[in-house]
Amino acid sequence: HWTLTKVFSVTVPASLPLAVTEDGVVTSSTDAAIANNSTCDVRVTGISLRTENGWTLVPFEYNMAGAKVDSKLIGFAIGNVASTAEGDSESLALTGDWSIDAGSTLPLDYDANVSATSVGINEQVLTVVFVVEEA
């Protein structure tokens, strides 16, 4: 008599790299993905954001043209969801399908809107936490 044991193992990116020029132009990695190493299907059920190193979260659609240089403002979008609050943290309301079949990956399409800086940025500005559960 054999009993099937489910293995739950999901790998999320250790970082979501952003490059920011002095005039606030942002580029993101094109190969970020969540890998489902499990024997069952999984689903991302929540994403939360928390700013780091003195940065402030703003709505992704925030007009950075009026922001002062070095004001450390960031709006963040991932998949079909984007930041809408101001402050140091936000839980994003997920829309669309965030399912990952067993043995598959979910590519992460993400972007940021950042205020202009007097120098390039080389620091952590945001922590992104994914909640992943068995589908």
# chains A, B, ... in the order shown; residues from 1 in each chain; ligands from 1
$ select_by_dssp --residues "stretch 33-117 of chain A" --states "strand (DSSP E or B)" --output "PyMOL selection string"
chain A and resi 33-36+42-51+56-57+73-78+81-82+87+89-92+99-100+105-107+110-114
$ closest_atom_pairs --of "stretch 23-135 of chain A" --to "stretch 6-17 of chain A" --cutoff "6 Å" --atoms "only C-alpha atoms" --output "Markdown table"
| residue | atom | partner | partner_atom | distance |
| --- | --- | --- | --- | --- |
| A:Ser28 | CA | A:Pro17 | CA | 5.9 |
| A:Ser29 | CA | A:Pro17 | CA | 5.9 |
| A:Ile34 | CA | A:Val12 | CA | 4.6 |
| A:Ala35 | CA | A:Thr11 | CA | 5.0 |
| A:Asn36 | CA | A:Val10 | CA | 4.7 |
| A:Asn37 | CA | A:Ser9 | CA | 5.0 |
| A:Ser38 | CA | A:Phe8 | CA | 4.5 |
| A:Thr39 | CA | A:Val7 | CA | 5.3 |
$ residues_around --residues "A:Pro59" --least-positions-apart "5" --cutoff "9 Å" --atoms "only C-alpha atoms" --output "PyMOL selection string"
chain A and resi 74-76+82-86+113
$ residues_around --residues "A:Pro107" --least-positions-apart "6" --cutoff "10 Å" --atoms "only C-alpha atoms" --output "list in words"
Thr30, Asp31, Ala32, Ala33, Ile34, Ala35, Gly79 and Ile100 of chain A
$ closest_residue --among "A:Asn80, A:Ser118, A:Thr3, A:Asn53" --to "A:Leu94" --atoms "only C-alpha atoms"
A:Asn80
$ closest_residue --among "A:Val119, A:Val69, A:Cys40, A:Trp98" --to "A:Thr5" --atoms "only C-alpha atoms"
A:Cys40
$ residues_around --residues "A:Thr127" --least-positions-apart "4" --cutoff "9 Å" --atoms "only C-alpha atoms" --output "number ranges by chain"
A: 15, 48-52
$ atom_distance --atom1 "atom CA of A:Asp111" --atom2 "atom CA of A:Val26"
7.5 Å
$ atom_distance --atom1 "atom CA of A:Tyr110" --atom2 "atom CA of A:Val25"
14.2 Å
$ closest_residue --among "A:Gln124, A:Ser91, A:Ser115, A:Thr105" --to "A:Ile47" --atoms "only C-alpha atoms"
A:Ser91
$ atom_distance --atom1 "atom CA of A:Gly66" --atom2 "atom CA of A:Ala116"
10.1 Å
$ closest_residue --among "A:Thr27, A:Trp2, A:Lys72, A:Glu90" --to "A:Glu123" --atoms "only C-alpha atoms"
A:Lys72
$ residues_around --residues "A:Ile121" --least-positions-apart "3" --cutoff "8 Å" --atoms "only C-alpha atoms" --output "PDB file with N, CA, C and O atoms, in the first residue's frame"
ATOM      1  N   ALA A  19      17.185  49.090 -12.473  1.00  0.00           N
ATOM      2  CA  ALA A  19      18.236  50.073 -12.733  1.00  0.00           C
ATOM      3  C   ALA A  19      17.548  51.413 -12.916  1.00  0.00           C
ATOM      4  O   ALA A  19      16.547  51.519 -13.630  1.00  0.00           O
ATOM      5  N   VAL A  20      18.052  52.425 -12.232  1.00  0.00           N
ATOM      6  CA  VAL A  20      17.444  53.751 -12.274  1.00  0.00           C
ATOM      7  C   VAL A  20      18.506  54.768 -12.663  1.00  0.00           C
ATOM      8  O   VAL A  20      19.540  54.868 -12.011  1.00  0.00           O
ATOM      9  N   THR A  21      18.242  55.511 -13.726  1.00  0.00           N
ATOM     10  CA  THR A  21      19.170  56.556 -14.135  1.00  0.00           C
ATOM     11  C   THR A  21      18.917  57.826 -13.329  1.00  0.00           C
ATOM     12  O   THR A  21      17.916  57.936 -12.613  1.00  0.00           O
ATOM     13  N   THR A 117      16.857  61.277  -9.328  1.00  0.00           N
ATOM     14  CA  THR A 117      17.912  61.268  -8.313  1.00  0.00           C
ATOM     15  C   THR A 117      19.145  61.995  -8.838  1.00  0.00           C
ATOM     16  O   THR A 117      19.360  62.090 -10.044  1.00  0.00           O
TER      17      THR A 117
END
$ residues_around --residues "A:Val81" --least-positions-apart "2" --cutoff "7 Å" --atoms "only C-alpha atoms" --output "list in words"
Ala77, Ile78, Gly79, Leu92, Ala93, Leu94 and Thr95 of chain A
$ closest_residue --among "A:Val42, A:Ala112, A:Val131, A:Leu18" --to "A:Leu73" --atoms "only C-alpha atoms"
A:Ala112
$ decode --residues "stretch 121-134 of chain A" --atoms "C-alpha atoms" --output "CSV table (one decimal), in the first residue's frame"
chain,number,residue,atom,x,y,z
A,121,ILE,CA,20.7,54.2,-7.1
A,122,ASN,CA,22.5,51.1,-5.8
A,123,GLU,CA,20.4,50.1,-2.7
A,124,GLN,CA,17.4,48.1,-1.7
A,125,VAL,CA,14.3,50.3,-2.0
A,126,LEU,CA,11.5,47.8,-1.6
A,127,THR,CA,10.8,44.4,-0.2
A,128,VAL,CA,8.2,42.3,-2.1
A,129,VAL,CA,6.7,39.3,-0.3
A,130,PHE,CA,4.7,36.7,-2.2
A,131,VAL,CA,2.2,34.4,-0.4
A,132,VAL,CA,2.0,31.1,-2.2
A,133,GLU,CA,-0.5,28.3,-1.4
A,134,GLU,CA,-1.5,25.0,-2.8
